[in-house]
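Q: entry35.csv is the file, holding CSV, C-alpha atoms:
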```csv
chain,number,residue,atom,x,y,z
I,10,LYS,CA,-1.6,17.3,22.9
I,11,ASN,CA,-2.2,18.1,19.2
I,12,GLN,CA,-5.7,17.1,18.2
I,13,VAL,CA,-7.9,17.3,15.0
I,14,GLU,CA,-11.6,16.9,15.4
I,15,GLN,CA,-13.9,16.4,12.5
I,16,SER,CA,-17.7,16.7,12.1
I,17,PRO,CA,-20.0,15.1,11.3
I,18,GLN,CA,-18.7,11.6,11.8
I,19,SER,CA,-20.9,10.5,8.8
I,20,LEU,CA,-23.5,11.9,6.5
I,21,ILE,CA,-25.7,10.8,3.7
I,22,ILE,CA,-26.5,13.1,0.8
I,23,LEU,CA,-28.4,12.8,-2.4
I,24,GLU,CA,-26.5,12.9,-5.7
I,25,GLY,CA,-26.2,16.4,-7.1
I,26,LYS,CA,-26.5,18.1,-3.7
I,27,ASN,CA,-23.8,20.0,-1.9
I,28,CYS,CA,-22.3,19.3,1.5
I,29,THR,CA,-19.7,20.8,3.9
I,30,LEU,CA,-17.4,19.0,6.3
I,31,GLN,CA,-15.8,20.6,9.3
I,32,CYS,CA,-12.4,20.3,10.9
I,33,ASN,CA,-11.2,21.9,14.1
I,34,TYR,CA,-7.6,21.6,15.3
I,35,THR,CA,-5.4,22.4,18.2
I,36,VAL,CA,-2.1,21.6,16.4
I,37,SER,CA,0.7,24.1,17.2
I,38,PRO,CA,2.9,25.5,15.8
I,39,PHE,CA,0.8,25.2,12.7
I,40,SER,CA,2.5,24.4,9.4
I,41,ASN,CA,-0.2,23.3,6.9
I,42,LEU,CA,-3.6,21.6,6.7
I,43,ARG,CA,-4.5,18.9,4.2
I,44,TRP,CA,-7.7,17.2,3.2
I,45,TYR,CA,-7.5,13.6,2.0
I,46,LYS,CA,-10.1,11.4,0.4
I,47,GLN,CA,-10.0,7.7,1.3
I,48,ASP,CA,-12.1,5.2,-0.7
I,49,THR,CA,-12.9,2.0,1.2
I,50,GLY,CA,-10.0,-0.4,1.2
I,51,ARG,CA,-7.6,2.2,-0.4
I,52,GLY,CA,-4.9,4.5,0.8
I,53,PRO,CA,-5.7,8.2,1.4
I,54,VAL,CA,-5.3,10.5,-1.6
I,55,SER,CA,-4.6,14.2,-1.2
I,56,LEU,CA,-7.2,16.7,-2.3
I,57,THR,CA,-5.8,20.0,-1.0
I,58,ILE,CA,-2.9,21.4,1.0
I,59,MET,CA,-3.1,24.9,2.6
I,60,THR,CA,-0.5,26.8,4.4
I,61,PHE,CA,-1.0,29.5,7.0
I,62,SER,CA,-1.5,32.3,4.5
I,63,GLU,CA,-4.0,30.5,2.3
I,64,ASN,CA,-7.7,31.0,3.0
I,65,THR,CA,-9.2,28.8,0.3
I,66,LYS,CA,-8.1,26.3,-2.2
I,67,SER,CA,-10.1,24.4,-4.9
I,68,ASN,CA,-9.6,21.0,-6.6
I,69,GLY,CA,-12.4,20.5,-9.1
I,70,ARG,CA,-15.7,20.2,-7.1
I,71,TYR,CA,-13.8,20.2,-3.8
I,72,THR,CA,-13.2,23.6,-2.1
I,73,ALA,CA,-11.3,23.8,1.2
I,74,THR,CA,-11.3,26.9,3.5
I,75,LEU,CA,-8.9,27.7,6.3
I,76,ASP,CA,-9.2,30.1,9.2
I,77,ALA,CA,-5.9,29.9,11.0
I,78,ASP,CA,-7.1,32.4,13.7
I,79,THR,CA,-10.0,30.2,14.8
I,80,LYS,CA,-8.1,27.0,13.8
I,81,GLN,CA,-11.0,25.8,11.7
I,82,SER,CA,-11.2,24.3,8.2
I,83,SER,CA,-14.0,23.2,6.0
I,84,LEU,CA,-14.3,21.0,2.9
I,85,HIS,CA,-17.2,21.8,0.6
I,86,ILE,CA,-18.3,19.3,-2.0
I,87,THR,CA,-20.3,20.8,-4.9
I,88,ALA,CA,-22.8,18.8,-7.0
I,89,SER,CA,-21.9,15.5,-5.3
I,90,GLN,CA,-21.5,12.4,-7.4
I,91,LEU,CA,-21.7,8.7,-6.4
I,92,SER,CA,-17.9,8.5,-6.7
I,93,ASP,CA,-17.7,11.0,-3.8
I,94,SER,CA,-18.7,8.3,-1.4
I,95,ALA,CA,-15.6,7.9,0.8
I,96,SER,CA,-14.0,9.0,4.0
I,97,TYR,CA,-12.6,12.6,4.1
I,98,ILE,CA,-9.8,13.1,6.5
I,99,CYS,CA,-8.4,16.4,7.7
I,100,VAL,CA,-4.7,16.3,8.5
I,101,VAL,CA,-2.7,19.0,10.2
I,102,SER,CA,1.0,19.3,10.2
I,103,ASP,CA,3.1,21.0,12.9
I,104,ILE,CA,6.7,22.2,12.4
I,105,TYR,CA,8.7,19.2,13.3
I,106,THR,CA,12.1,19.8,14.7
I,107,PHE,CA,13.2,16.6,16.2
I,108,LYS,CA,16.6,15.7,14.8
I,109,ALA,CA,15.6,16.6,11.2
I,110,ALA,CA,13.1,18.7,9.5
I,111,GLY,CA,10.0,16.9,8.2
I,112,ASN,CA,6.3,16.5,8.8
I,113,LYS,CA,4.6,15.3,11.9
I,114,LEU,CA,1.0,14.9,10.9
I,115,THR,CA,-2.1,14.7,13.1
I,116,PHE,CA,-5.0,13.0,11.5
I,117,GLY,CA,-8.7,13.6,12.2
I,118,GLY,CA,-11.0,10.6,12.5
I,119,GLY,CA,-12.6,11.3,9.2
I,120,THR,CA,-16.1,12.0,8.0
I,121,ARG,CA,-17.7,9.2,6.1
I,122,VAL,CA,-19.8,10.5,3.2
I,123,LEU,CA,-22.4,8.3,1.4
I,124,VAL,CA,-23.9,9.8,-1.8
I,125,LYS,CA,-27.1,8.1,-2.8
I,126,PRO,CA,-28.8,8.3,-6.2
C,20,GLY,CA,7.9,2.6,-9.1
C,21,ALA,CA,5.0,4.8,-10.1
C,22,GLY,CA,3.4,4.8,-6.6
C,23,VAL,CA,4.0,3.5,-3.1
C,24,SER,CA,3.8,-0.3,-3.1
C,25,GLN,CA,2.9,-2.3,0.0
C,26,THR,CA,3.1,-6.0,0.5
C,27,PRO,CA,1.3,-8.1,1.4
C,28,SER,CA,-2.0,-6.5,0.9
C,29,ASN,CA,-3.6,-8.9,3.4
C,30,LYS,CA,-2.0,-11.0,6.1
C,31,VAL,CA,-3.8,-13.3,8.5
C,32,THR,CA,-1.7,-14.7,11.3
C,33,GLU,CA,-2.1,-16.3,14.7
C,34,LYS,CA,-1.6,-14.7,18.0
C,35,GLY,CA,2.1,-14.8,19.0
C,36,LYS,CA,3.5,-15.1,15.5
C,37,TYR,CA,6.0,-12.7,13.9
C,38,VAL,CA,5.0,-10.6,10.8
C,39,GLU,CA,6.8,-8.4,8.4
C,40,LEU,CA,5.2,-5.7,6.3
C,41,ARG,CA,7.0,-4.2,3.4
C,42,CYS,CA,6.8,-0.7,1.9
C,43,ASP,CA,8.5,0.3,-1.4
C,44,PRO,CA,8.2,4.1,-1.6
C,45,ILE,CA,8.2,6.3,-4.7
C,46,SER,CA,11.7,6.3,-6.3
C,47,GLY,CA,13.7,9.2,-4.9
C,48,HIS,CA,11.5,9.9,-1.9
C,49,THR,CA,13.7,10.4,1.1
C,50,ALA,CA,10.9,10.6,3.7
C,51,LEU,CA,8.9,7.5,4.6
C,52,TYR,CA,6.1,7.1,7.2
C,53,TRP,CA,4.3,4.2,8.7
C,54,TYR,CA,0.8,4.7,10.0
C,55,ARG,CA,-1.8,2.3,11.6
C,56,GLN,CA,-5.5,2.7,10.9
C,57,SER,CA,-8.2,0.9,12.8
C,58,LEU,CA,-11.7,0.5,11.3
C,59,GLY,CA,-13.5,3.8,11.2
C,60,GLN,CA,-10.6,5.8,12.5
C,61,GLY,CA,-8.0,8.1,11.0
C,62,PRO,CA,-4.4,6.9,10.6
C,63,GLU,CA,-2.2,6.9,13.7
C,64,PHE,CA,1.5,7.8,13.3
C,65,LEU,CA,4.0,5.0,14.1
C,66,ILE,CA,7.4,6.0,12.7
C,67,TYR,CA,9.1,8.4,10.3
C,68,PHE,CA,12.3,7.8,8.4
C,69,GLN,CA,14.4,10.5,6.7
C,70,GLY,CA,16.8,8.5,4.6
C,71,THR,CA,18.0,5.4,6.5
C,72,GLY,CA,17.5,6.7,10.0
C,73,ALA,CA,14.4,6.7,12.0
C,74,ALA,CA,13.9,10.4,12.8
C,75,ASP,CA,10.9,9.8,15.0
C,76,ASP,CA,9.7,6.5,16.3
C,77,SER,CA,7.6,7.9,19.1
C,78,GLY,CA,4.4,6.4,17.7
C,79,LEU,CA,5.5,2.8,18.0
C,80,PRO,CA,3.2,1.4,20.6
C,81,ASN,CA,5.7,-0.9,22.4
C,82,ASP,CA,8.9,-2.8,21.8
C,83,ARG,CA,7.2,-5.5,19.8
C,84,PHE,CA,7.1,-3.1,16.9
C,85,PHE,CA,10.3,-2.2,15.0
C,86,ALA,CA,10.9,-0.8,11.5
C,87,VAL,CA,14.0,-0.6,9.4
C,88,ARG,CA,15.0,1.1,6.2
C,89,PRO,CA,18.6,0.0,5.6
C,90,GLU,CA,19.3,1.5,2.2
C,91,GLY,CA,17.1,4.5,2.4
C,92,SER,CA,14.5,3.1,0.1
C,93,VAL,CA,12.4,0.0,1.0
C,94,SER,CA,11.2,-0.2,4.6
C,95,THR,CA,10.0,-3.2,6.6
C,96,LEU,CA,7.7,-2.9,9.6
C,97,LYS,CA,8.3,-5.9,12.0
C,98,ILE,CA,5.8,-7.0,14.6
C,99,GLN,CA,6.9,-9.6,17.1
C,100,ARG,CA,4.5,-11.8,19.2
C,101,THR,CA,1.5,-10.4,17.5
C,102,GLU,CA,-1.7,-9.7,19.6
C,103,ARG,CA,-5.3,-9.5,18.5
C,104,GLY,CA,-5.1,-5.7,19.2
C,105,ASP,CA,-2.5,-5.4,16.4
C,106,SER,CA,-5.2,-6.1,13.8
C,107,ALA,CA,-5.4,-3.0,11.6
C,108,VAL,CA,-4.5,-1.6,8.2
C,109,TYR,CA,-0.8,-0.5,8.2
C,110,LEU,CA,-0.3,2.4,5.8
C,111,CYS,CA,3.0,3.5,4.4
C,112,ALA,CA,3.5,6.9,2.9
C,113,SER,CA,6.4,8.7,1.3
C,114,SER,CA,7.3,12.3,0.3
C,115,SER,CA,10.2,13.9,-1.5
C,116,GLY,CA,12.0,15.6,1.4
C,117,HIS,CA,12.2,18.0,4.2
C,118,SER,CA,9.6,20.6,3.1
C,119,SER,CA,6.8,20.7,5.6
C,120,ALA,CA,4.4,21.2,2.8
C,121,GLY,CA,5.6,18.2,0.8
C,122,GLU,CA,3.0,16.1,-0.8
C,123,LEU,CA,2.5,12.8,1.0
C,124,PHE,CA,1.7,9.7,-1.1
C,125,PHE,CA,0.1,6.7,0.5
C,126,GLY,CA,0.2,3.1,-0.4
C,127,GLU,CA,-2.9,0.9,-0.4
C,128,GLY,CA,-2.1,-0.5,3.0
C,129,SER,CA,-1.4,-3.9,4.4
C,130,ARG,CA,-4.4,-5.4,6.3
C,131,LEU,CA,-3.2,-7.4,9.2
C,132,THR,CA,-5.6,-9.8,11.0
C,133,VAL,CA,-4.4,-11.5,14.1
C,134,LEU,CA,-6.6,-14.4,15.1
```
Let me see the file written as C-alpha coordinates.
A:
Amino acid sequence: KNQVEQSPQSLIILEGKNCTLQCNYTVSPFSNLRWYKQDTGRGPVSLTIMTFSENTKSNGRYTATLDADTKQSSLHITASQLSDSASYICVVSDIYTFKAAGNKLTFGGGTRVLVKP
Amino acid sequence: GAGVSQTPSNKVTEKGKYVELRCDPISGHTALYWYRQSLGQGPEFLIYFQGTGAADDSGLPNDRFFAVRPEGSVSTLKIQRTERGDSAVYLCASSSGHSSAGELFFGEGSRLTVL
(Lines of atoms letter the chains of each structure in order from A and count residues from 1; the text may use other names and numbers.)
(Lines give C-alpha, C1' and ligand atoms only; values in the text may rest on other atoms or scores of the structure.)
Protein backbone atom coordinates (compact mmCIF):
# COMPACT_ATOMS: atom_id res chain seq x y z
CA LYS A 1 0.00 0.00 0.00
CA ASN A 2 1.32 3.46 -0.90
CA GLN A 3 2.18 5.45 2.20
CA VAL A 4 3.57 8.87 3.07
CA GLU A 5 4.88 9.47 6.57
CA GLN A 6 5.74 12.91 7.89
CA SER A 7 7.71 13.99 10.92
CA PRO A 8 7.47 15.62 13.30
CA GLN A 9 3.69 15.76 13.72
CA SER A 10 4.02 19.25 15.10
CA LEU A 11 6.67 21.73 16.10
CA ILE A 12 6.99 25.16 17.64
CA ILE A 13 9.71 27.55 16.53
CA LEU A 14 10.61 31.12 17.30
CA GLU A 15 10.18 33.78 14.66
CA GLY A 16 13.32 34.18 12.59
CA LYS A 17 14.57 30.64 13.17
CA ASN A 18 14.92 27.89 10.59
CA CYS A 19 13.26 24.48 10.62
CA THR A 20 13.20 21.30 8.56
CA LEU A 21 10.27 18.97 8.02
CA GLN A 22 10.69 15.37 6.89
CA CYS A 23 8.74 13.15 4.53
CA ASN A 24 9.29 9.45 3.83
CA TYR A 25 7.26 7.60 1.24
CA THR A 26 6.72 4.14 -0.19
CA VAL A 27 4.73 5.22 -3.26
CA SER A 28 5.62 3.29 -6.40
CA PRO A 29 6.00 3.81 -9.27
CA PHE A 30 7.01 7.33 -8.31
CA SER A 31 5.93 10.26 -10.44
CA ASN A 32 6.39 13.43 -8.41
CA LEU A 33 6.43 14.83 -4.90
CA ARG A 34 4.72 18.01 -3.77
CA TRP A 35 4.72 20.09 -0.63
CA TYR A 36 1.56 21.99 0.24
CA LYS A 37 0.90 24.62 2.87
CA GLN A 38 -2.52 24.57 4.48
CA ASP A 39 -3.62 27.44 6.68
CA THR A 40 -6.27 26.64 9.27
CA GLY A 41 -9.69 26.46 7.63
CA ARG A 42 -8.31 26.85 4.12
CA GLY A 43 -7.52 24.56 1.24
CA PRO A 44 -3.93 23.39 0.60
CA VAL A 45 -1.76 25.63 -1.55
CA SER A 46 1.14 24.23 -3.55
CA LEU A 47 4.67 25.23 -2.57
CA THR A 48 6.83 22.98 -4.74
CA ILE A 49 6.56 20.08 -7.17
CA MET A 50 9.56 17.87 -7.87
CA THR A 51 9.94 15.04 -10.34
CA PHE A 52 12.32 12.10 -10.18
CA SER A 53 15.26 13.98 -11.67
CA GLU A 54 15.06 17.02 -9.39
CA ASN A 55 17.00 17.09 -6.12
CA THR A 56 16.05 20.51 -4.84
CA LYS A 57 13.56 23.24 -5.54
CA SER A 58 13.02 26.59 -3.86
CA ASN A 59 10.04 28.87 -3.50
CA GLY A 60 11.08 31.98 -1.61
CA ARG A 61 12.05 30.97 1.92
CA TYR A 62 10.90 27.39 1.31
CA THR A 63 13.40 24.85 -0.04
CA ALA A 64 12.43 21.26 -0.77
CA THR A 65 14.85 18.42 -1.33
CA LEU A 66 14.23 15.00 -2.79
CA ASP A 67 16.24 11.78 -2.62
CA ALA A 68 14.40 9.36 -4.88
CA ASP A 69 16.80 6.54 -4.01
CA THR A 70 16.02 6.62 -0.30
CA LYS A 71 12.45 7.88 -0.92
CA GLN A 72 12.89 10.84 1.37
CA SER A 73 12.10 14.52 1.07
CA SER A 74 12.53 17.51 3.32
CA LEU A 75 11.09 21.00 3.44
CA HIS A 76 13.32 23.67 4.92
CA ILE A 77 11.84 26.96 6.10
CA THR A 78 14.37 29.76 6.40
CA ALA A 79 13.97 32.78 8.68
CA SER A 80 10.47 31.78 9.75
CA GLN A 81 7.69 34.35 9.94
CA LEU A 82 4.46 34.31 11.90
CA SER A 83 2.58 33.72 8.64
CA ASP A 84 4.41 30.40 8.25
CA SER A 85 2.20 28.96 10.98
CA ALA A 86 0.25 26.28 9.12
CA SER A 87 0.17 22.58 8.31
CA TYR A 88 2.67 21.40 5.73
CA ILE A 89 1.60 18.38 3.76
CA CYS A 90 3.81 16.11 1.69
CA VAL A 91 2.02 14.57 -1.29
CA VAL A 92 3.40 11.87 -3.56
CA SER A 93 1.98 10.92 -6.94
CA ASP A 94 2.28 7.55 -8.61
CA ILE A 95 1.83 6.91 -12.29
CA TYR A 96 -1.86 6.34 -12.59
CA THR A 97 -2.95 4.06 -15.35
CA PHE A 98 -6.53 3.10 -14.59
CA LYS A 99 -8.69 3.93 -17.62
CA ALA A 100 -7.08 7.31 -18.20
CA ALA A 101 -3.86 9.04 -17.35
CA GLY A 102 -3.90 11.37 -14.40
CA ASN A 103 -2.76 11.72 -10.84
CA LYS A 104 -3.33 9.46 -7.91
CA LEU A 105 -2.02 11.34 -4.93
CA THR A 106 -1.06 9.94 -1.56
CA PHE A 107 -1.12 12.54 1.19
CA GLY A 108 0.91 12.55 4.35
CA GLY A 109 -0.70 13.49 7.63
CA GLY A 110 1.02 16.84 7.69
CA THR A 111 3.30 18.66 10.11
CA ARG A 112 1.69 21.48 12.09
CA VAL A 113 4.09 24.36 12.48
CA LEU A 114 3.54 27.15 14.98
CA VAL A 115 5.79 30.18 14.77
CA LYS A 116 5.92 32.22 17.95
CA PRO A 117 7.14 35.81 18.25
CA GLY B 1 -13.85 31.47 -12.16
CA ALA B 2 -10.52 32.56 -10.76
CA GLY B 3 -10.22 29.63 -8.39
CA VAL B 4 -11.96 26.45 -7.28
CA SER B 5 -15.23 27.35 -5.61
CA GLN B 6 -17.00 25.09 -3.14
CA THR B 7 -20.43 25.49 -1.64
CA PRO B 8 -21.65 25.46 1.00
CA SER B 9 -18.64 26.39 3.10
CA ASN B 10 -20.37 24.94 6.15
CA LYS B 11 -23.18 22.43 6.40
CA VAL B 12 -24.75 21.13 9.59
CA THR B 13 -27.19 18.28 9.21
CA GLU B 14 -28.83 15.58 11.25
CA LYS B 15 -27.95 11.92 11.13
CA GLY B 16 -29.82 10.16 8.36
CA LYS B 17 -30.27 13.22 6.14
CA TYR B 18 -29.12 13.66 2.56
CA VAL B 19 -26.54 16.29 1.63
CA GLU B 20 -25.06 17.66 -1.57
CA LEU B 21 -21.74 19.45 -1.80
CA ARG B 22 -20.90 21.42 -4.91
CA CYS B 23 -17.56 22.10 -6.58
CA ASP B 24 -17.00 24.59 -9.39
CA PRO B 25 -13.49 24.00 -10.76
CA ILE B 26 -11.22 26.42 -12.52
CA SER B 27 -12.55 27.08 -16.01
CA GLY B 28 -11.06 24.69 -18.55
CA HIS B 29 -9.72 22.20 -16.02
CA THR B 30 -10.62 18.70 -17.14
CA ALA B 31 -9.48 16.83 -14.04
CA LEU B 32 -11.46 17.14 -10.80
CA TYR B 33 -10.82 15.44 -7.47
CA TRP B 34 -12.76 15.06 -4.26
CA TYR B 35 -10.95 14.52 -0.97
CA ARG B 36 -12.10 14.19 2.63
CA GLN B 37 -10.05 15.61 5.47
CA SER B 38 -10.61 14.83 9.12
CA LEU B 39 -9.25 17.10 11.84
CA GLY B 40 -5.49 16.88 12.10
CA GLN B 41 -5.20 14.48 9.17
CA GLY B 42 -4.09 14.79 5.57
CA PRO B 43 -6.72 14.71 2.81
CA GLU B 44 -8.03 11.27 1.86
CA PHE B 45 -8.81 10.54 -1.80
CA LEU B 46 -12.46 9.89 -2.66
CA ILE B 47 -12.98 10.15 -6.41
CA TYR B 48 -11.33 11.51 -9.56
CA PHE B 49 -13.06 12.74 -12.72
CA GLN B 50 -11.48 13.19 -16.10
CA GLY B 51 -14.09 15.12 -18.05
CA THR B 52 -17.54 13.79 -17.33
CA GLY B 53 -16.51 10.31 -16.31
CA ALA B 54 -15.33 9.04 -12.96
CA ALA B 55 -11.92 7.63 -13.82
CA ASP B 56 -11.36 6.35 -10.30
CA ASP B 57 -13.95 6.10 -7.54
CA SER B 58 -12.01 3.64 -5.41
CA GLY B 59 -11.82 6.07 -2.50
CA LEU B 60 -15.56 6.34 -1.92
CA PRO B 61 -16.06 4.68 1.47
CA ASN B 62 -19.40 3.00 0.71
CA ASP B 63 -22.46 3.21 -1.51
CA ARG B 64 -23.90 6.12 0.48
CA PHE B 65 -21.39 8.33 -1.32
CA PHE B 66 -21.82 9.26 -4.95
CA ALA B 67 -20.47 12.03 -7.18
CA VAL B 68 -21.41 13.34 -10.59
CA ARG B 69 -19.99 15.74 -13.13
CA PRO B 70 -22.58 15.68 -15.92
CA GLU B 71 -21.16 18.40 -18.15
CA GLY B 72 -17.50 18.03 -17.34
CA SER B 73 -17.36 21.16 -15.23
CA VAL B 74 -19.29 21.49 -11.96
CA SER B 75 -19.31 18.40 -9.75
CA THR B 76 -21.65 17.42 -6.93
CA LEU B 77 -20.74 15.05 -4.13
CA LYS B 78 -23.84 13.39 -2.73
CA ILE B 79 -24.06 11.67 0.64
CA GLN B 80 -27.12 9.67 1.57
CA ARG B 81 -28.25 8.70 5.07
CA THR B 82 -25.46 10.70 6.67
CA GLU B 83 -23.70 9.32 9.72
CA ARG B 84 -21.75 11.14 12.42
CA GLY B 85 -18.56 9.62 11.04
CA ASP B 86 -19.11 11.51 7.79
CA SER B 87 -18.27 14.75 9.60
CA ALA B 88 -15.17 16.19 7.92
CA VAL B 89 -14.00 18.84 5.51
CA TYR B 90 -14.64 17.83 1.91
CA LEU B 91 -12.05 19.31 -0.42
CA CYS B 92 -12.33 19.64 -4.16
CA ALA B 93 -9.35 20.16 -6.44
CA SER B 94 -8.90 20.60 -10.16
CA SER B 95 -6.04 20.46 -12.62
CA SER B 96 -5.60 21.15 -16.28
CA GLY B 97 -5.29 17.66 -17.65
CA HIS B 98 -3.48 14.40 -17.95
CA SER B 99 0.02 15.43 -17.04
CA SER B 100 1.11 13.66 -13.90
CA ALA B 101 2.98 16.79 -12.87
CA GLY B 102 -0.03 19.04 -13.35
CA GLU B 103 -0.57 21.64 -10.69
CA LEU B 104 -3.48 20.83 -8.41
CA PHE B 105 -5.63 23.72 -7.20
CA PHE B 106 -7.78 23.21 -4.12
CA GLY B 107 -10.96 24.90 -3.03
CA GLU B 108 -11.52 26.13 0.51
CA GLY B 109 -13.52 23.04 1.37
CA SER B 110 -17.01 22.31 2.64
CA ARG B 111 -17.14 21.56 6.35
CA LEU B 112 -19.82 18.96 7.04
CA THR B 113 -21.05 18.37 10.56
CA VAL B 114 -23.48 15.52 11.17
CA LEU B 115 -25.22 15.76 14.52
Q: Using all atoms listed in the file, determine which residues of chain I fall within 12 Å of chain C; present them as a PyMOL selection string.
A: chain I and resi 12-15+18-19+38-61+95-121
Q: Take the selection from the previous step and output its residues with C-alpha atoms, as an mmCIF file, in the coordinates of the input.
A:
```
data_model
loop_
_atom_site.group_PDB
_atom_site.id
_atom_site.type_symbol
_atom_site.label_atom_id
_atom_site.label_comp_id
_atom_site.auth_asym_id
_atom_site.auth_seq_id
_atom_site.Cartn_x
_atom_site.Cartn_y
_atom_site.Cartn_z
ATOM 1 C CA GLN I 12 -5.700 17.100 18.200
ATOM 2 C CA VAL I 13 -7.900 17.300 15.000
ATOM 3 C CA GLU I 14 -11.600 16.900 15.400
ATOM 4 C CA GLN I 15 -13.900 16.400 12.500
ATOM 5 C CA GLN I 18 -18.700 11.600 11.800
ATOM 6 C CA SER I 19 -20.900 10.500 8.800
ATOM 7 C CA PRO I 38 2.900 25.500 15.800
ATOM 8 C CA PHE I 39 0.800 25.200 12.700
ATOM 9 C CA SER I 40 2.500 24.400 9.400
ATOM 10 C CA ASN I 41 -0.200 23.300 6.900
ATOM 11 C CA LEU I 42 -3.600 21.600 6.700
ATOM 12 C CA ARG I 43 -4.500 18.900 4.200
ATOM 13 C CA TRP I 44 -7.700 17.200 3.200
ATOM 14 C CA TYR I 45 -7.500 13.600 2.000
ATOM 15 C CA LYS I 46 -10.100 11.400 0.400
ATOM 16 C CA GLN I 47 -10.000 7.700 1.300
ATOM 17 C CA ASP I 48 -12.100 5.200 -0.700
ATOM 18 C CA THR I 49 -12.900 2.000 1.200
ATOM 19 C CA GLY I 50 -10.000 -0.400 1.200
ATOM 20 C CA ARG I 51 -7.600 2.200 -0.400
ATOM 21 C CA GLY I 52 -4.900 4.500 0.800
ATOM 22 C CA PRO I 53 -5.700 8.200 1.400
ATOM 23 C CA VAL I 54 -5.300 10.500 -1.600
ATOM 24 C CA SER I 55 -4.600 14.200 -1.200
ATOM 25 C CA LEU I 56 -7.200 16.700 -2.300
ATOM 26 C CA THR I 57 -5.800 20.000 -1.000
ATOM 27 C CA ILE I 58 -2.900 21.400 1.000
ATOM 28 C CA MET I 59 -3.100 24.900 2.600
ATOM 29 C CA THR I 60 -0.500 26.800 4.400
ATOM 30 C CA PHE I 61 -1.000 29.500 7.000
ATOM 31 C CA ALA I 95 -15.600 7.900 0.800
ATOM 32 C CA SER I 96 -14.000 9.000 4.000
ATOM 33 C CA TYR I 97 -12.600 12.600 4.100
ATOM 34 C CA ILE I 98 -9.800 13.100 6.500
ATOM 35 C CA CYS I 99 -8.400 16.400 7.700
ATOM 36 C CA VAL I 100 -4.700 16.300 8.500
ATOM 37 C CA VAL I 101 -2.700 19.000 10.200
ATOM 38 C CA SER I 102 1.000 19.300 10.200
ATOM 39 C CA ASP I 103 3.100 21.000 12.900
ATOM 40 C CA ILE I 104 6.700 22.200 12.400
ATOM 41 C CA TYR I 105 8.700 19.200 13.300
ATOM 42 C CA THR I 106 12.100 19.800 14.700
ATOM 43 C CA PHE I 107 13.200 16.600 16.200
ATOM 44 C CA LYS I 108 16.600 15.700 14.800
ATOM 45 C CA ALA I 109 15.600 16.600 11.200
ATOM 46 C CA ALA I 110 13.100 18.700 9.500
ATOM 47 C CA GLY I 111 10.000 16.900 8.200
ATOM 48 C CA ASN I 112 6.300 16.500 8.800
ATOM 49 C CA LYS I 113 4.600 15.300 11.900
ATOM 50 C CA LEU I 114 1.000 14.900 10.900
ATOM 51 C CA THR I 115 -2.100 14.700 13.100
ATOM 52 C CA PHE I 116 -5.000 13.000 11.500
ATOM 53 C CA GLY I 117 -8.700 13.600 12.200
ATOM 54 C CA GLY I 118 -11.000 10.600 12.500
ATOM 55 C CA GLY I 119 -12.600 11.300 9.200
ATOM 56 C CA THR I 120 -16.100 12.000 8.000
ATOM 57 C CA ARG I 121 -17.700 9.200 6.100
#
```
Q: Of the candidates C:Ser24, C:Thr32, C:Ser57, C:Ser46, which shows the shortest atom-to-atom distance to Glu102 of chain C, using only C-alpha atoms?
A: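 Among the listed residues, C:Thr32 lies closest to Glu102 of chain C.
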Q: For atom CA of Thr95 of chain C and atom CA of Leu134 of chain C, quote the distance in Å rounded to one decimal.
A: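 Going from atom CA of Thr95 of chain C over to atom CA of Leu134 of chain C covers 21.8 Å.
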Q: Report the distance between atom CA of Lys30 of chain C and atom CA of Leu51 of chain C in Å, rounded to one decimal place.
A: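 Calculated distance between atom CA of Lys30 of chain C and atom CA of Leu51 of chain C is 21.5 Å.
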Q: To one decimal in Å, tell me the separation between atom CA of Lys26 of chain I and atom CA of Asn64 of chain I.
A: 23.8 Å
Q: Identify which of the residues C:Thr101, C:Asn81, C:Ser113, C:Ser106 lies closest to Asp43 of chain C, counting only C-alpha atoms when measuring atom-to-atom distances.
A: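 Among the listed residues, the smallest separation from Asp43 of chain C belongs to C:Ser113.
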Q: Hey, what's within 8 Å of Gln99 of chain C if we count all atoms listed in the file and toss same-chain stuff fewer than 4 positions away? As a list in words, please?
A: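 Counting only the stated atoms, we get Gly35, Lys36, Tyr37, Val38, Arg83 and Phe84 of chain C.
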Q: May I have the protein, DNA and RNA residues with any atom at most 12 Å from the point (-25.1, 1.2, -3.6), counting all atoms listed in the file, written as a PyMOL selection string?
A: chain I and resi 24+91-92+94+123-126
